[in-house]
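Pasted below: model_15.txt, compact mmCIF, N, CA and C atoms.
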```txt
# COMPACT_ATOMS: atom_id res chain seq x y z
N MET A 1 145.31 -2.76 28.61
CA MET A 1 145.76 -3.44 27.40
C MET A 1 147.28 -3.42 27.38
N ALA A 2 147.85 -4.56 27.26
CA ALA A 2 149.31 -4.63 27.23
C ALA A 2 149.82 -4.28 25.85
N GLY A 3 151.05 -3.80 25.78
CA GLY A 3 151.65 -3.53 24.48
C GLY A 3 152.23 -2.14 24.38
N ASP A 4 152.87 -1.88 23.27
CA ASP A 4 153.53 -0.61 22.98
C ASP A 4 152.68 0.12 21.94
N TYR A 5 152.05 1.23 22.33
CA TYR A 5 151.10 1.93 21.47
C TYR A 5 151.75 3.15 20.81
N TRP A 6 151.34 3.44 19.59
CA TRP A 6 151.82 4.62 18.89
C TRP A 6 150.84 4.98 17.78
N ASN A 7 151.07 6.10 17.14
CA ASN A 7 150.29 6.55 16.00
C ASN A 7 148.79 6.62 16.27
N PRO A 8 148.39 7.31 17.33
CA PRO A 8 146.94 7.42 17.55
C PRO A 8 146.33 8.48 16.63
N GLY A 9 146.39 8.23 15.32
CA GLY A 9 145.85 9.19 14.36
C GLY A 9 144.33 9.17 14.36
N TYR A 10 143.72 10.32 14.17
CA TYR A 10 142.26 10.37 14.15
C TYR A 10 141.80 11.58 13.36
N ILE A 11 140.53 11.53 13.00
CA ILE A 11 139.87 12.63 12.30
C ILE A 11 138.71 13.07 13.17
N VAL A 12 138.48 14.37 13.28
CA VAL A 12 137.43 14.87 14.17
C VAL A 12 136.38 15.65 13.39
N TRP A 13 135.19 15.74 13.98
CA TRP A 13 134.08 16.47 13.42
C TRP A 13 133.28 17.06 14.56
N LEU A 14 132.95 18.35 14.47
CA LEU A 14 132.13 19.01 15.48
C LEU A 14 130.67 18.98 15.02
N SER A 15 129.81 18.43 15.87
CA SER A 15 128.38 18.36 15.57
C SER A 15 127.63 18.93 16.76
N ASN A 16 127.07 20.12 16.58
CA ASN A 16 126.42 20.84 17.68
C ASN A 16 127.43 21.04 18.81
N GLU A 17 127.21 20.45 19.96
CA GLU A 17 128.10 20.62 21.12
C GLU A 17 128.97 19.38 21.36
N THR A 18 129.04 18.49 20.38
CA THR A 18 129.77 17.24 20.55
C THR A 18 130.87 17.13 19.50
N ILE A 19 132.05 16.69 19.93
CA ILE A 19 133.17 16.45 19.03
C ILE A 19 133.27 14.94 18.83
N TYR A 20 133.21 14.49 17.59
CA TYR A 20 133.34 13.07 17.25
C TYR A 20 134.73 12.84 16.68
N ALA A 21 135.33 11.72 17.03
CA ALA A 21 136.64 11.35 16.50
C ALA A 21 136.58 9.91 16.01
N ALA A 22 137.25 9.65 14.90
CA ALA A 22 137.39 8.29 14.38
C ALA A 22 138.80 8.16 13.84
N GLY A 23 139.39 7.02 14.04
CA GLY A 23 140.75 6.83 13.59
C GLY A 23 141.24 5.43 13.84
N ASN A 24 142.54 5.29 13.92
CA ASN A 24 143.13 4.00 14.23
C ASN A 24 144.34 4.19 15.12
N VAL A 25 144.57 3.21 15.97
CA VAL A 25 145.73 3.21 16.84
C VAL A 25 146.53 1.94 16.54
N ASP A 26 147.85 2.06 16.51
CA ASP A 26 148.72 0.93 16.20
C ASP A 26 149.45 0.50 17.46
N TRP A 27 149.76 -0.76 17.57
CA TRP A 27 150.57 -1.23 18.69
C TRP A 27 151.26 -2.54 18.36
N TRP A 28 152.21 -2.88 19.22
CA TRP A 28 153.00 -4.08 19.06
C TRP A 28 152.90 -4.89 20.35
N ASP A 29 152.45 -6.12 20.26
CA ASP A 29 152.45 -7.02 21.42
C ASP A 29 153.01 -8.38 21.00
N GLY A 30 154.04 -8.32 20.17
CA GLY A 30 154.59 -9.51 19.55
C GLY A 30 154.17 -9.61 18.09
N TYR A 31 153.09 -8.93 17.76
CA TYR A 31 152.58 -8.81 16.39
C TYR A 31 152.16 -7.37 16.17
N TYR A 32 152.31 -6.90 14.94
CA TYR A 32 151.81 -5.56 14.63
C TYR A 32 150.30 -5.61 14.56
N ARG A 33 149.65 -4.68 15.23
CA ARG A 33 148.19 -4.62 15.22
C ARG A 33 147.75 -3.18 14.97
N SER A 34 146.63 -3.03 14.29
CA SER A 34 146.05 -1.72 14.05
C SER A 34 144.56 -1.85 14.28
N ASN A 35 143.98 -0.95 15.05
CA ASN A 35 142.59 -1.08 15.41
C ASN A 35 141.83 0.23 15.20
N PHE A 36 140.69 0.13 14.58
CA PHE A 36 139.78 1.25 14.39
C PHE A 36 139.21 1.66 15.75
N PHE A 37 139.08 2.97 15.98
CA PHE A 37 138.44 3.42 17.20
C PHE A 37 137.54 4.60 16.92
N MET A 38 136.61 4.83 17.84
CA MET A 38 135.70 5.96 17.77
C MET A 38 135.59 6.56 19.17
N ALA A 39 135.35 7.85 19.24
CA ALA A 39 135.18 8.50 20.54
C ALA A 39 134.33 9.75 20.35
N LYS A 40 133.73 10.20 21.44
CA LYS A 40 133.06 11.49 21.39
C LYS A 40 133.36 12.24 22.67
N PHE A 41 133.45 13.56 22.53
CA PHE A 41 133.87 14.44 23.62
C PHE A 41 132.92 15.64 23.66
N ASN A 42 132.83 16.28 24.84
CA ASN A 42 132.12 17.55 24.89
C ASN A 42 133.10 18.67 24.54
N LEU A 43 132.62 19.88 24.50
CA LEU A 43 133.46 21.00 24.09
C LEU A 43 134.58 21.31 25.09
N ASN A 44 134.47 20.80 26.31
CA ASN A 44 135.53 20.97 27.31
C ASN A 44 136.61 19.90 27.16
N GLY A 45 136.42 18.96 26.25
CA GLY A 45 137.39 17.90 26.05
C GLY A 45 137.16 16.67 26.92
N ASP A 46 136.06 16.65 27.66
CA ASP A 46 135.75 15.48 28.48
C ASP A 46 135.27 14.35 27.59
N THR A 47 135.75 13.15 27.86
CA THR A 47 135.35 11.98 27.08
C THR A 47 133.93 11.57 27.48
N LEU A 48 133.05 11.49 26.49
CA LEU A 48 131.68 11.06 26.73
C LEU A 48 131.50 9.57 26.48
N LYS A 49 132.22 9.05 25.48
CA LYS A 49 132.10 7.63 25.15
C LYS A 49 133.22 7.25 24.20
N THR A 50 133.68 5.99 24.28
CA THR A 50 134.66 5.46 23.34
C THR A 50 134.18 4.09 22.85
N ASN A 51 134.69 3.68 21.71
CA ASN A 51 134.37 2.36 21.17
C ASN A 51 135.57 1.87 20.36
N TYR A 52 136.19 0.79 20.83
CA TYR A 52 137.26 0.09 20.13
C TYR A 52 136.70 -1.29 19.80
N PRO A 53 136.02 -1.45 18.68
CA PRO A 53 135.17 -2.62 18.49
C PRO A 53 135.84 -3.98 18.50
N PHE A 54 137.11 -4.09 18.11
CA PHE A 54 137.70 -5.43 18.03
C PHE A 54 138.98 -5.54 18.84
N ILE A 55 139.21 -4.67 19.79
CA ILE A 55 140.50 -4.63 20.44
C ILE A 55 140.78 -5.86 21.28
N ASP A 56 139.76 -6.57 21.74
CA ASP A 56 139.96 -7.75 22.57
C ASP A 56 139.97 -9.05 21.78
N ASP A 57 139.85 -8.96 20.46
CA ASP A 57 139.81 -10.17 19.64
C ASP A 57 140.98 -10.16 18.67
N PRO A 58 142.10 -10.81 19.03
CA PRO A 58 143.29 -10.74 18.16
C PRO A 58 143.10 -11.37 16.79
N MET A 59 142.05 -12.16 16.60
CA MET A 59 141.82 -12.76 15.29
C MET A 59 141.25 -11.73 14.31
N GLN A 60 140.88 -10.56 14.78
CA GLN A 60 140.27 -9.54 13.92
C GLN A 60 141.30 -8.61 13.30
N PHE A 61 142.59 -8.81 13.53
CA PHE A 61 143.60 -7.86 13.07
C PHE A 61 144.24 -8.31 11.78
N PRO A 62 144.69 -7.41 10.92
CA PRO A 62 144.50 -5.97 11.09
C PRO A 62 143.12 -5.55 10.62
N LEU A 63 142.47 -4.73 11.37
CA LEU A 63 141.18 -4.18 10.99
C LEU A 63 141.43 -2.88 10.24
N GLY A 64 140.47 -2.47 9.47
CA GLY A 64 140.64 -1.26 8.68
C GLY A 64 140.86 -0.02 9.51
N GLY A 65 141.54 0.91 8.91
CA GLY A 65 141.79 2.20 9.55
C GLY A 65 141.18 3.32 8.75
N VAL A 66 141.25 4.51 9.29
CA VAL A 66 140.68 5.69 8.63
C VAL A 66 141.71 6.27 7.67
N GLU A 67 141.29 6.47 6.44
CA GLU A 67 142.16 7.00 5.38
C GLU A 67 142.07 8.51 5.27
N GLY A 68 140.95 9.07 5.59
CA GLY A 68 140.76 10.51 5.43
C GLY A 68 139.35 10.82 4.97
N GLY A 69 139.08 12.06 4.74
CA GLY A 69 137.75 12.47 4.34
C GLY A 69 136.81 12.40 5.54
N VAL A 70 136.09 13.46 5.81
CA VAL A 70 135.18 13.48 6.96
C VAL A 70 134.00 14.38 6.65
N MET A 71 132.84 14.01 7.16
CA MET A 71 131.65 14.85 7.04
C MET A 71 130.65 14.43 8.10
N GLY A 72 129.68 15.28 8.34
CA GLY A 72 128.61 14.95 9.28
C GLY A 72 127.61 14.02 8.62
N ARG A 73 126.80 13.42 9.43
CA ARG A 73 125.75 12.54 8.92
C ARG A 73 124.63 13.38 8.32
N SER A 74 123.81 12.77 7.49
CA SER A 74 122.76 13.50 6.78
C SER A 74 121.56 13.79 7.69
N ASN A 75 120.74 14.71 7.25
CA ASN A 75 119.48 15.07 7.91
C ASN A 75 119.67 15.52 9.36
N GLY A 76 120.81 16.13 9.67
CA GLY A 76 121.04 16.63 11.01
C GLY A 76 121.28 15.57 12.07
N GLU A 77 121.48 14.32 11.67
CA GLU A 77 121.73 13.27 12.64
C GLU A 77 123.12 13.45 13.25
N GLU A 78 123.24 13.16 14.54
CA GLU A 78 124.52 13.24 15.23
C GLU A 78 125.45 12.13 14.76
N GLY A 79 126.74 12.41 14.70
CA GLY A 79 127.71 11.40 14.34
C GLY A 79 128.69 11.90 13.30
N ILE A 80 129.38 10.97 12.67
CA ILE A 80 130.46 11.30 11.75
C ILE A 80 130.50 10.26 10.63
N ILE A 81 130.94 10.68 9.46
CA ILE A 81 131.18 9.77 8.34
C ILE A 81 132.62 9.99 7.89
N VAL A 82 133.38 8.89 7.77
CA VAL A 82 134.77 8.97 7.34
C VAL A 82 135.03 7.95 6.24
N VAL A 83 136.13 8.12 5.55
CA VAL A 83 136.56 7.15 4.54
C VAL A 83 137.56 6.21 5.19
N GLY A 84 137.29 4.91 5.09
CA GLY A 84 138.19 3.91 5.64
C GLY A 84 138.89 3.14 4.54
N ASP A 85 139.93 2.41 4.93
CA ASP A 85 140.66 1.60 3.95
C ASP A 85 140.03 0.23 3.81
N GLY A 86 140.60 -0.58 2.94
CA GLY A 86 140.03 -1.88 2.62
C GLY A 86 140.11 -2.92 3.70
N GLY A 87 140.74 -2.61 4.83
CA GLY A 87 140.80 -3.58 5.92
C GLY A 87 139.43 -3.95 6.46
N PHE A 88 138.46 -3.05 6.30
CA PHE A 88 137.11 -3.36 6.75
C PHE A 88 136.48 -4.43 5.88
N GLN A 89 136.82 -4.42 4.61
CA GLN A 89 136.33 -5.41 3.66
C GLN A 89 137.43 -5.64 2.64
N PRO A 90 138.22 -6.70 2.80
CA PRO A 90 139.43 -6.87 1.99
C PRO A 90 139.23 -6.88 0.48
N SER A 91 138.04 -7.11 0.00
CA SER A 91 137.83 -7.17 -1.45
C SER A 91 137.72 -5.79 -2.08
N VAL A 92 137.70 -4.71 -1.28
CA VAL A 92 137.61 -3.35 -1.81
C VAL A 92 138.74 -2.49 -1.24
N GLU A 93 139.06 -1.41 -1.93
CA GLU A 93 140.14 -0.53 -1.46
C GLU A 93 139.69 0.45 -0.38
N HIS A 94 138.46 0.96 -0.48
CA HIS A 94 137.98 1.96 0.46
C HIS A 94 136.52 1.70 0.81
N VAL A 95 136.14 2.13 1.99
CA VAL A 95 134.75 2.04 2.44
C VAL A 95 134.35 3.37 3.08
N ILE A 96 133.06 3.62 3.09
CA ILE A 96 132.51 4.74 3.85
C ILE A 96 132.10 4.18 5.21
N VAL A 97 132.62 4.77 6.28
CA VAL A 97 132.31 4.32 7.63
C VAL A 97 131.40 5.37 8.26
N GLU A 98 130.20 4.97 8.64
CA GLU A 98 129.25 5.88 9.28
C GLU A 98 129.13 5.52 10.75
N VAL A 99 129.36 6.51 11.61
CA VAL A 99 129.34 6.32 13.06
C VAL A 99 128.20 7.17 13.62
N ASP A 100 127.29 6.54 14.39
CA ASP A 100 126.18 7.31 14.94
C ASP A 100 126.52 7.87 16.31
N SER A 101 125.56 8.52 16.94
CA SER A 101 125.81 9.20 18.22
C SER A 101 126.12 8.24 19.36
N ASN A 102 125.75 6.96 19.22
CA ASN A 102 126.07 5.95 20.24
C ASN A 102 127.37 5.22 19.92
N LEU A 103 128.07 5.66 18.86
CA LEU A 103 129.31 5.07 18.38
C LEU A 103 129.12 3.66 17.83
N ASN A 104 127.91 3.38 17.37
CA ASN A 104 127.70 2.19 16.54
C ASN A 104 128.17 2.57 15.15
N TYR A 105 128.63 1.61 14.38
CA TYR A 105 129.13 1.95 13.06
C TYR A 105 128.66 0.94 12.01
N SER A 106 128.67 1.43 10.78
CA SER A 106 128.39 0.57 9.62
C SER A 106 129.30 1.03 8.51
N PHE A 107 129.51 0.17 7.53
CA PHE A 107 130.34 0.59 6.42
C PHE A 107 129.75 0.15 5.09
N THR A 108 130.03 0.98 4.08
CA THR A 108 129.55 0.74 2.73
C THR A 108 130.76 0.77 1.80
N PRO A 109 130.99 -0.32 1.04
CA PRO A 109 132.13 -0.32 0.11
C PRO A 109 131.99 0.77 -0.96
N LEU A 110 133.11 1.39 -1.30
CA LEU A 110 133.15 2.33 -2.42
C LEU A 110 133.54 1.53 -3.66
N SER A 111 132.81 1.69 -4.71
CA SER A 111 133.19 1.03 -5.96
C SER A 111 133.35 2.09 -7.03
N TYR A 112 134.38 1.93 -7.82
CA TYR A 112 134.66 2.87 -8.89
C TYR A 112 135.48 2.11 -9.93
N PRO A 113 135.50 2.59 -11.16
CA PRO A 113 136.24 1.88 -12.21
C PRO A 113 137.69 1.63 -11.81
N GLY A 114 138.22 0.49 -12.17
CA GLY A 114 139.55 0.07 -11.77
C GLY A 114 140.67 1.02 -12.15
N ASN A 115 140.51 1.83 -13.17
CA ASN A 115 141.60 2.70 -13.58
C ASN A 115 141.55 4.07 -12.91
N LEU A 116 140.58 4.30 -12.02
CA LEU A 116 140.51 5.58 -11.30
C LEU A 116 141.10 5.40 -9.92
N SER A 117 141.79 6.40 -9.43
CA SER A 117 142.31 6.34 -8.08
C SER A 117 141.45 7.19 -7.17
N PHE A 118 141.39 6.80 -5.92
CA PHE A 118 140.62 7.55 -4.93
C PHE A 118 141.57 8.52 -4.23
N GLN A 119 141.21 9.79 -4.18
CA GLN A 119 142.07 10.78 -3.54
C GLN A 119 141.24 11.60 -2.58
N THR A 120 141.84 11.99 -1.47
CA THR A 120 141.18 12.90 -0.55
C THR A 120 141.86 14.25 -0.63
N GLN A 121 141.11 15.29 -0.37
CA GLN A 121 141.65 16.64 -0.41
C GLN A 121 141.31 17.32 0.90
N VAL A 122 142.28 17.96 1.50
CA VAL A 122 142.06 18.70 2.73
C VAL A 122 141.78 20.14 2.36
N LEU A 123 140.66 20.64 2.83
CA LEU A 123 140.29 22.03 2.55
C LEU A 123 140.46 22.84 3.83
N ASN A 124 141.19 23.91 3.76
CA ASN A 124 141.38 24.78 4.90
C ASN A 124 140.51 26.02 4.75
N ASP A 125 139.92 26.43 5.86
CA ASP A 125 139.09 27.65 5.84
C ASP A 125 139.95 28.88 5.70
```

Representation of the structure as structure tokens:
Amino acid sequence: MAGDYWNPGYIVWLSNETIYAAGNVDWWDGYYRSNFFMAKFNLNGDTLKTNYPFIDDPMQFPLGGVEGGVMGRSNGEEGIIVVGDGGFQPSVEHVIVEVDSNLNYSFTPLSYPGNLSFQTQVLND
């Protein structure tokens, strides 16, 4: 991929023996672009799989990025759930992005009263 890349920010989650990451990477190739990405690694740091769903389609930019907030999927399912920004669906400010063990993803818009703000909190052990 041609271009000048920076800001490979991501959020990680450990699920059993697999590390899941979701985030966005920014680059410049004459236009500013930001792309959502997903990856999974083993505990040794070896890459098991990656998914950059729209990186080859310049008409898809800017695509939503990860805002923060992370948790595992329900019922012991492998994968990660993160909070994304409105780029995934421009009519809303935030979405829940669910990524499964094959790095397929889906998103659900967050809706809340217009006078409330959405905030994430980082909790340290």

- Task: Using atom CA of Asn35 of chain A and atom CA of Gly65 of chain A as the two end points, give the distance in Å to one decimal.
- Result: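 Computing it gives 6.8 Å between the two atoms.
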
- Message: One decimal, in Å: what's the spacing between atom CA of Met71 of chain A and atom C of Val99 of chain A?
- Response: 10.7 Å

- Item | Atom-to-atom span, atom CA of Ile80 of chain A and atom CA of Asn44 of chain A, Å | 19.0 Å

- Query: From the list A:Met38, A:Glu78, A:Glu17, A:Gly23, which residue is nearest Thr50 of chain A when using all atoms listed in the file?
  - Reply: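 When distances to Thr50 of chain A are compared using all atoms listed in the file, the smallest one comes from A:Met38.
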
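Nearest to Phe41 of chain A of all the residues A:Val12, A:Val66, A:Val83, A:Val25 is A:Val12, counting only C-alpha atoms.
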
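Considering the residues A:Leu14, A:Leu43, A:Val97, A:Ile19 and counting only C-alpha atoms, Asp85 of chain A has its shortest atom-to-atom contact with A:Val97.
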
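Residues surrounding Leu110 of chain A within 6 Å are His94, Val95 and Ile96 of chain A [only N, CA and C atoms; sequence separation below 6 positions excluded].
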